[in-house]
>>> print(open('work19.cif').read())   # mmCIF, C-alpha atoms and all ligand atoms
data_work
loop_
_atom_site.label_atom_id
_atom_site.label_comp_id
_atom_site.auth_asym_id
_atom_site.auth_seq_id
_atom_site.Cartn_x
_atom_site.Cartn_y
_atom_site.Cartn_z
CA MET V 19 24.35 129.60 224.57
CA SER V 20 22.90 129.17 221.07
CA VAL V 21 23.24 131.15 217.83
CA PHE V 22 20.09 132.75 216.41
CA LEU V 23 20.02 133.92 212.78
CA ILE V 24 17.64 136.76 212.02
CA GLY V 25 16.82 138.74 208.89
CA TYR V 26 14.35 139.20 206.10
CA ARG V 27 12.91 136.37 203.99
CA GLY V 28 15.48 135.15 201.50
CA SER V 29 18.47 136.37 203.50
CA GLY V 30 19.50 132.73 203.85
CA LYS V 31 18.78 132.02 207.52
CA SER V 32 17.74 128.42 206.83
CA THR V 33 20.40 127.74 204.19
CA VAL V 34 23.27 129.25 206.18
CA GLY V 35 21.91 127.98 209.52
CA ARG V 36 22.02 124.37 208.36
CA ARG V 37 25.61 124.73 207.17
CA LEU V 38 26.71 126.58 210.29
CA ALA V 39 25.23 123.89 212.53
CA ASP V 40 27.19 121.21 210.61
CA ARG V 41 30.35 123.22 210.98
CA LEU V 42 29.88 123.78 214.73
CA TRP V 43 28.68 120.21 215.32
CA GLN V 44 25.46 121.59 216.71
CA THR V 45 21.79 120.91 216.03
CA PHE V 46 19.93 123.06 213.51
CA LEU V 47 16.41 124.23 214.33
CA ASP V 48 14.12 126.44 212.27
CA SER V 49 11.19 128.26 213.88
CA ASP V 50 9.12 128.20 210.67
CA GLU V 51 9.60 124.42 210.32
CA LEU V 52 8.61 123.84 213.95
CA ILE V 53 5.47 125.97 213.59
CA VAL V 54 4.43 124.08 210.44
CA LYS V 55 5.07 120.72 212.11
CA GLN V 56 3.13 121.62 215.26
CA ALA V 57 0.20 123.14 213.34
CA GLY V 58 0.08 120.49 210.61
CA MET V 59 -0.53 123.34 208.14
CA THR V 60 1.59 125.50 205.85
CA ILE V 61 2.37 129.05 206.98
CA LYS V 62 0.05 130.35 204.29
CA ALA V 63 -2.78 128.14 205.59
CA ILE V 64 -2.18 129.34 209.17
CA PHE V 65 -2.39 132.98 208.02
CA GLU V 66 -5.63 132.18 206.17
CA ALA V 67 -7.21 130.26 209.06
CA GLU V 68 -5.97 132.29 212.05
CA GLY V 69 -4.74 135.58 210.64
CA GLU V 70 -1.24 136.97 211.13
CA VAL V 71 -1.93 137.28 214.89
CA GLY V 72 -2.65 133.54 215.09
CA PHE V 73 0.65 132.83 213.34
CA ARG V 74 2.56 135.27 215.59
CA ASP V 75 1.05 133.66 218.70
CA ARG V 76 2.29 130.27 217.53
CA GLU V 77 5.66 131.81 216.75
CA THR V 78 5.94 133.31 220.24
CA LEU V 79 5.39 129.88 221.81
CA VAL V 80 8.06 128.35 219.57
CA VAL V 81 10.58 131.15 220.24
CA ARG V 82 10.03 130.71 223.97
CA GLU V 83 10.82 126.97 223.65
CA LEU V 84 13.85 127.60 221.42
CA ALA V 85 15.28 130.20 223.78
CA MET V 86 15.35 127.60 226.59
CA LEU V 87 17.82 125.44 224.64
CA ASP V 88 21.60 125.73 224.34
CA GLU V 89 24.19 124.69 221.73
CA GLN V 90 21.76 125.03 218.83
CA VAL V 91 21.86 127.01 215.62
CA VAL V 92 18.41 128.51 215.20
CA ALA V 93 16.97 130.11 212.06
CA LEU V 94 14.12 132.42 213.02
CA GLY V 95 11.25 133.46 210.77
CA GLY V 96 11.61 136.90 209.18
CA GLY V 97 9.17 138.49 211.64
CA ALA V 98 10.04 136.49 214.74
CA VAL V 99 11.83 139.33 216.54
CA LEU V 100 9.06 141.89 216.01
CA ARG V 101 7.49 141.12 219.38
CA GLU V 102 9.30 142.52 222.41
CA GLU V 103 8.61 139.35 224.44
CA ASN V 104 10.37 137.24 221.79
CA ARG V 105 13.43 139.50 221.83
CA LYS V 106 13.46 139.40 225.62
CA ALA V 107 13.25 135.57 225.72
CA ILE V 108 16.37 135.37 223.53
CA HIS V 109 18.34 138.10 225.28
CA ASP V 110 17.51 136.92 228.80
CA ARG V 111 19.36 133.68 228.11
CA GLY V 112 22.37 135.41 226.56
CA HIS V 113 22.15 133.89 223.09
CA LYS V 114 24.15 135.33 220.19
CA VAL V 115 22.00 136.89 217.47
CA ILE V 116 23.40 137.36 213.95
CA TYR V 117 21.55 139.63 211.52
CA LEU V 118 21.93 138.49 207.89
CA ARG V 119 21.62 141.81 206.12
CA CYS V 120 20.85 141.88 202.41
CA GLU V 121 19.85 144.45 199.79
CA PRO V 122 16.12 144.32 198.97
CA GLU V 123 16.69 143.65 195.25
CA GLU V 124 18.80 140.58 196.07
CA LEU V 125 16.23 139.43 198.68
CA HIS V 126 13.53 139.69 196.07
CA ARG V 127 15.63 137.72 193.54
CA ARG V 128 16.19 134.94 196.07
CA ILE V 129 12.52 134.83 197.13
CA GLN V 130 11.47 134.61 193.48
CA GLY V 131 14.08 131.96 192.76
CA ASP V 132 12.59 129.73 195.46
CA PRO V 133 9.03 129.05 194.22
CA ALA V 134 8.50 126.04 196.53
CA THR V 135 8.97 128.20 199.63
CA ALA V 136 7.20 131.19 198.08
CA ALA V 137 4.06 129.09 197.54
CA ASN V 138 3.88 128.49 201.29
CA ARG V 139 4.56 132.06 202.41
CA PRO V 140 1.80 134.68 202.56
CA ALA V 141 2.16 138.29 201.44
CA LEU V 142 2.78 140.56 204.44
CA SER V 143 0.92 143.63 203.25
CA THR V 144 -1.44 144.90 200.60
CA LEU V 145 1.69 145.50 198.48
CA GLY V 146 1.42 141.80 197.68
CA GLY V 147 4.84 140.30 198.39
CA GLY V 148 6.78 141.87 195.50
CA ILE V 149 9.82 144.16 195.50
CA GLU V 150 7.78 147.11 196.85
CA GLU V 151 6.77 145.07 199.89
CA VAL V 152 10.34 143.88 200.45
CA ARG V 153 11.60 147.50 200.34
CA ALA V 154 8.87 148.81 202.66
CA LYS V 155 9.01 145.97 205.21
CA LEU V 156 12.80 145.88 205.29
CA ALA V 157 12.95 149.64 205.96
CA GLU V 158 10.42 149.18 208.78
CA ARG V 159 12.19 146.15 210.26
CA GLU V 160 15.87 146.93 209.86
CA PRO V 161 16.01 149.09 213.02
CA ILE V 162 14.41 146.22 214.94
CA TYR V 163 16.82 143.65 213.52
CA ARG V 164 19.69 145.95 214.48
CA ALA V 165 18.36 146.58 217.98
CA THR V 166 18.15 142.79 218.47
CA MET V 167 21.44 141.62 216.97
CA SER V 168 24.82 140.96 218.56
CA ALA V 169 26.47 141.28 215.13
CA GLU V 170 25.58 141.92 211.49
CA LEU V 171 26.85 140.31 208.29
CA ASP V 172 26.04 141.73 204.86
CA VAL V 173 25.27 138.64 202.79
CA THR V 174 24.19 140.47 199.62
CA ASN V 175 27.28 139.34 197.72
CA LEU V 176 28.20 136.24 199.70
CA SER V 177 27.59 132.61 198.80
CA PRO V 178 25.97 130.50 201.55
CA GLU V 179 29.35 128.83 202.12
CA ASP V 180 31.21 132.14 202.51
CA ALA V 181 28.49 133.53 204.80
CA THR V 182 28.84 130.40 206.95
CA VAL V 183 32.62 130.75 207.22
CA TYR V 184 32.35 134.46 208.14
CA ILE V 185 29.82 133.76 210.89
CA ALA V 186 31.87 130.89 212.29
CA ARG V 187 34.87 133.26 212.48
CA MET V 188 32.78 136.03 214.08
CA LEU V 189 31.63 133.60 216.75
N1 LIG V 201 24.04 133.55 200.05
C1 LIG V 201 23.15 133.16 199.13
N2 LIG V 201 23.37 133.40 197.84
C2 LIG V 201 22.48 133.05 196.92
N3 LIG V 201 21.30 132.44 197.18
C3 LIG V 201 21.02 132.18 198.45
C4 LIG V 201 21.92 132.53 199.50
N4 LIG V 201 21.37 132.15 200.67
C5 LIG V 201 20.17 131.60 200.35
N5 LIG V 201 19.98 131.61 199.03
C6 LIG V 201 18.79 131.09 198.32
O1 LIG V 201 17.73 131.98 198.61
C7 LIG V 201 16.54 131.26 198.87
C8 LIG V 201 16.03 131.58 200.27
O2 LIG V 201 16.97 131.09 201.24
P1 LIG V 201 16.48 130.63 202.68
O3 LIG V 201 15.26 129.78 202.56
O4 LIG V 201 17.67 130.03 203.36
O5 LIG V 201 16.09 132.03 203.33
P2 LIG V 201 15.41 132.33 204.72
O6 LIG V 201 16.10 133.52 205.26
O7 LIG V 201 15.42 131.09 205.56
O8 LIG V 201 13.91 132.71 204.29
P3 LIG V 201 12.50 132.55 205.11
O9 LIG V 201 12.46 133.67 206.08
O10 LIG V 201 11.47 132.67 204.02
O11 LIG V 201 12.49 131.20 205.75
C9 LIG V 201 16.88 129.78 198.66
O12 LIG V 201 16.51 129.43 197.35
C10 LIG V 201 18.38 129.74 198.84
O13 LIG V 201 18.95 128.70 198.10
O1 LIG V 202 8.86 138.03 207.34
C1 LIG V 202 7.87 137.48 207.86
O2 LIG V 202 7.04 138.10 208.54
C2 LIG V 202 7.72 136.04 207.68
C3 LIG V 202 8.81 135.31 207.26
C4 LIG V 202 8.80 133.84 207.14
O3 LIG V 202 10.03 133.33 207.63
C5 LIG V 202 7.64 133.22 207.91
O4 LIG V 202 7.87 133.23 209.30
C6 LIG V 202 6.34 133.94 207.62
O5 LIG V 202 6.07 133.78 206.24
C7 LIG V 202 6.42 135.42 208.00
MG MG V 203 13.88 129.95 206.42
#
>>> encode(input="work19.cif", output="structure tokens")
Amino acid sequence: MSVFLIGYRGSGKSTVGRRLADRLWQTFLDSDELIVKQAGMTIKAIFEAEGEVGFRDRETLVVRELAMLDEQVVALGGGAVLREENRKAIHDRGHKVIYLRCEPEELHRRIQGDPATAANRPALSTLGGGIEEVRAKLAEREPIYRATMSAELDVTNLSPEDATVYIARML
């Protein structure tokens, strides 16, 4: 069994995932990092060259590989559980899925405060990646995150360290 962290961009999946893996003495893997490594391109460049569908196809292959492993802490991309086949790959192997829930305003603050990552992430709609997009996409996705998760943690007011401790206790 592995632990998969899901949630919107900026919820802290990569930050908390790395800390949680250290704490559990497990390996940390990040689907976005694996996609970038395999493609040899940034996520933004993949979207530009292959469209969102091209990126999602790559993501599906990576999720399938990740779901085969055990004893890992996995941070998934913000849209990685949108496809039914990805959710099924994770559930079929009985992995635990933690949804890092966060208020849209705080997500937006964190995304904006991380310009290096932001430069490599494409907008997801014609709303252009700002607070309006975060609100709209989160409202659309939250039911999917919740239908996928084993448990939810509201990280809006938690430091990465506190979020890590809470998840370790939940597990
Ligand atoms: N609990 C937290 N409190 C405050 N800032 C945080 C917290 N967790 C993460 N951050 C900051 O928010 C930014 C985004 O975090 P991170 O990259 O871990 O998010 P993510 O969920 O992996 O996003 P993405 O889906 O884009 O990969 C980083 O600058 C990080 O330092
Ligand atoms: O929310 C999303 O759809 C995305 C989130 C990021 O983690 C990346 O996977 C990519 O930028 C798409
Ligand atoms: Mg990340």
>>> residues_around(input="work19.cif", residues="stretch 111-122 of chain V", least_positions_apart="3", cutoff="9 Å", atoms="all atoms listed in the file", output="JSON, numbers by chain")
{"V": [19, 20, 21, 22, 23, 24, 25, 26, 28, 29, 30, 31, 85, 86, 88, 106, 107, 108, 125, 126, 127, 149, 152, 153, 156, 160, 163, 164, 166, 167, 168, 169, 170, 171, 172, 173, 174, 175, 181, 185, 189]}
>>> atom_distance(input="work19.cif", atom1="atom CA of V:Leu87", atom2="atom CA of V:Gln56")
17.8 Å
>>> residues_around(input="work19.cif", residues="V:Ile162", least_positions_apart="3", cutoff="10 Å", atoms="all atoms listed in the file", output="mmCIF file with C-alpha atoms, in the coordinates of the input")
data_model
loop_
_atom_site.group_PDB
_atom_site.id
_atom_site.type_symbol
_atom_site.label_atom_id
_atom_site.label_comp_id
_atom_site.auth_asym_id
_atom_site.auth_seq_id
_atom_site.Cartn_x
_atom_site.Cartn_y
_atom_site.Cartn_z
ATOM 1 C CA GLY V 25 16.820 138.740 208.890
ATOM 2 C CA GLY V 97 9.170 138.490 211.640
ATOM 3 C CA VAL V 99 11.830 139.330 216.540
ATOM 4 C CA LEU V 100 9.060 141.890 216.010
ATOM 5 C CA ARG V 101 7.490 141.120 219.380
ATOM 6 C CA GLU V 102 9.300 142.520 222.410
ATOM 7 C CA ARG V 105 13.430 139.500 221.830
ATOM 8 C CA LEU V 156 12.800 145.880 205.290
ATOM 9 C CA ALA V 157 12.950 149.640 205.960
ATOM 10 C CA GLU V 158 10.420 149.180 208.780
ATOM 11 C CA ARG V 159 12.190 146.150 210.260
ATOM 12 C CA ALA V 165 18.360 146.580 217.980
ATOM 13 C CA THR V 166 18.150 142.790 218.470
ATOM 14 C CA MET V 167 21.440 141.620 216.970
#
>>> residues_near_ligand(input="work19.cif", ligand="ligand MG 203 (chain V)", cutoff="7 Å", atoms="all atoms listed in the file", output="PyMOL selection string")
chain V and resi 27+30-32+48+50+93+95
>>> residues_near_ligand(input="work19.cif", ligand="ligand LIG 202 (chain V)", cutoff="8 Å", atoms="all atoms listed in the file", output="CSV table (one decimal) with C-alpha atoms, in the frame of the given file")
chain,number,residue,atom,x,y,z
V,26,TYR,CA,14.4,139.2,206.1
V,27,ARG,CA,12.9,136.4,204.0
V,49,SER,CA,11.2,128.3,213.9
V,50,ASP,CA,9.1,128.2,210.7
V,61,ILE,CA,2.4,129.0,207.0
V,62,LYS,CA,0.0,130.4,204.3
V,77,GLU,CA,5.7,131.8,216.8
V,94,LEU,CA,14.1,132.4,213.0
V,95,GLY,CA,11.2,133.5,210.8
V,96,GLY,CA,11.6,136.9,209.2
V,97,GLY,CA,9.2,138.5,211.6
V,98,ALA,CA,10.0,136.5,214.7
V,138,ASN,CA,3.9,128.5,201.3
V,139,ARG,CA,4.6,132.1,202.4
V,140,PRO,CA,1.8,134.7,202.6
V,141,ALA,CA,2.2,138.3,201.4
V,142,LEU,CA,2.8,140.6,204.4
>>> atom_distance(input="work19.cif", atom1="atom CA of V:Val34", atom2="atom P2 of ligand LIG 201 (chain V)")
8.6 Å
>>> atom_distance(input="work19.cif", atom1="atom CA of V:Arg37", atom2="atom C4 of ligand LIG 201 (chain V)")
11.5 Å
>>> closest_residue(input="work19.cif", among="V:Pro161, V:Gly146, V:Gly58, V:Gly131", to="ligand LIG 201 (chain V)", atoms="all atoms listed in the file")
V:Gly131
>>> residues_around(input="work19.cif", residues="V:Arg74", least_positions_apart="2", cutoff="10 Å", atoms="all atoms listed in the file", output="list in words")
Ile53, Ile64, Phe65, Glu68, Gly69, Glu70, Val71, Gly72, Arg76, Glu77, Thr78, Leu79, Val80, Gly97, Ala98, Leu100 and Arg101 of chain V
>>> closest_residue(input="work19.cif", among="V:Thr33, V:Val92, V:Ala134, V:Thr60", to="ligand LIG 201 (chain V)", atoms="all atoms listed in the file")
V:Thr33
>>> axis_aligned_box(input="work19.cif", around="ligand LIG 201 (chain V)", padding_each_side="8 Å", output="lines of an AutoDock Vina configuration file")
center_x = 17.8
center_y = 131.2
center_z = 201.5
size_x = 28.6
size_y = 21.0
size_z = 25.2
>>> residues_around(input="work19.cif", residues="V:Leu38", least_positions_apart="3", cutoff="8 Å", atoms="only C-alpha atoms", output="ChimeraX atom specification")
/V:34-35,41-42,91,182-183,185-186
>>> build_atoms(input="work19.cif", residues="stretch 67-83 of chain V", atoms="N, CA and C atoms", output="mmCIF file, in the coordinates of the input")
data_model
loop_
_atom_site.group_PDB
_atom_site.id
_atom_site.type_symbol
_atom_site.label_atom_id
_atom_site.label_comp_id
_atom_site.auth_asym_id
_atom_site.auth_seq_id
_atom_site.Cartn_x
_atom_site.Cartn_y
_atom_site.Cartn_z
ATOM 1 N N ALA V 67 -6.273 130.773 208.055
ATOM 2 C CA ALA V 67 -7.210 130.260 209.060
ATOM 3 C C ALA V 67 -7.242 131.113 210.326
ATOM 4 N N GLU V 68 -6.072 131.651 210.728
ATOM 5 C CA GLU V 68 -5.970 132.290 212.050
ATOM 6 C C GLU V 68 -5.517 133.739 211.993
ATOM 7 N N GLY V 69 -5.246 134.212 210.783
ATOM 8 C CA GLY V 69 -4.740 135.580 210.640
ATOM 9 C C GLY V 69 -3.279 135.655 211.033
ATOM 10 N N GLU V 70 -2.658 136.821 210.757
ATOM 11 C CA GLU V 70 -1.240 136.970 211.130
ATOM 12 C C GLU V 70 -1.069 136.854 212.643
ATOM 13 N N VAL V 71 -2.052 137.340 213.417
ATOM 14 C CA VAL V 71 -1.930 137.280 214.890
ATOM 15 C C VAL V 71 -1.861 135.827 215.362
ATOM 16 N N GLY V 72 -2.683 134.963 214.738
ATOM 17 C CA GLY V 72 -2.650 133.540 215.090
ATOM 18 C C GLY V 72 -1.278 132.946 214.827
ATOM 19 N N PHE V 73 -0.690 133.310 213.665
ATOM 20 C CA PHE V 73 0.650 132.830 213.340
ATOM 21 C C PHE V 73 1.674 133.357 214.348
ATOM 22 N N ARG V 74 1.582 134.665 214.659
ATOM 23 C CA ARG V 74 2.560 135.270 215.590
ATOM 24 C C ARG V 74 2.438 134.668 216.981
ATOM 25 N N ASP V 75 1.222 134.314 217.395
ATOM 26 C CA ASP V 75 1.050 133.660 218.700
ATOM 27 C C ASP V 75 1.757 132.307 218.715
ATOM 28 N N ARG V 76 1.599 131.561 217.632
ATOM 29 C CA ARG V 76 2.290 130.270 217.530
ATOM 30 C C ARG V 76 3.794 130.473 217.547
ATOM 31 N N GLU V 77 4.234 131.521 216.835
ATOM 32 C CA GLU V 77 5.660 131.810 216.750
ATOM 33 C C GLU V 77 6.241 132.168 218.122
ATOM 34 N N THR V 78 5.476 132.927 218.896
ATOM 35 C CA THR V 78 5.940 133.310 220.240
ATOM 36 C C THR V 78 6.154 132.076 221.116
ATOM 37 N N LEU V 79 5.240 131.121 221.023
ATOM 38 C CA LEU V 79 5.390 129.880 221.810
ATOM 39 C C LEU V 79 6.651 129.131 221.390
ATOM 40 N N VAL V 80 6.881 129.066 220.077
ATOM 41 C CA VAL V 80 8.060 128.350 219.570
ATOM 42 C C VAL V 80 9.353 129.066 219.961
ATOM 43 N N VAL V 81 9.364 130.396 219.865
ATOM 44 C CA VAL V 81 10.580 131.150 220.240
ATOM 45 C C VAL V 81 10.879 130.943 221.721
ATOM 46 N N ARG V 82 9.849 130.922 222.521
ATOM 47 C CA ARG V 82 10.030 130.710 223.970
ATOM 48 C C ARG V 82 10.689 129.344 224.216
ATOM 49 N N GLU V 83 10.233 128.314 223.495
ATOM 50 C CA GLU V 83 10.820 126.970 223.650
ATOM 51 C C GLU V 83 12.275 126.962 223.152
#
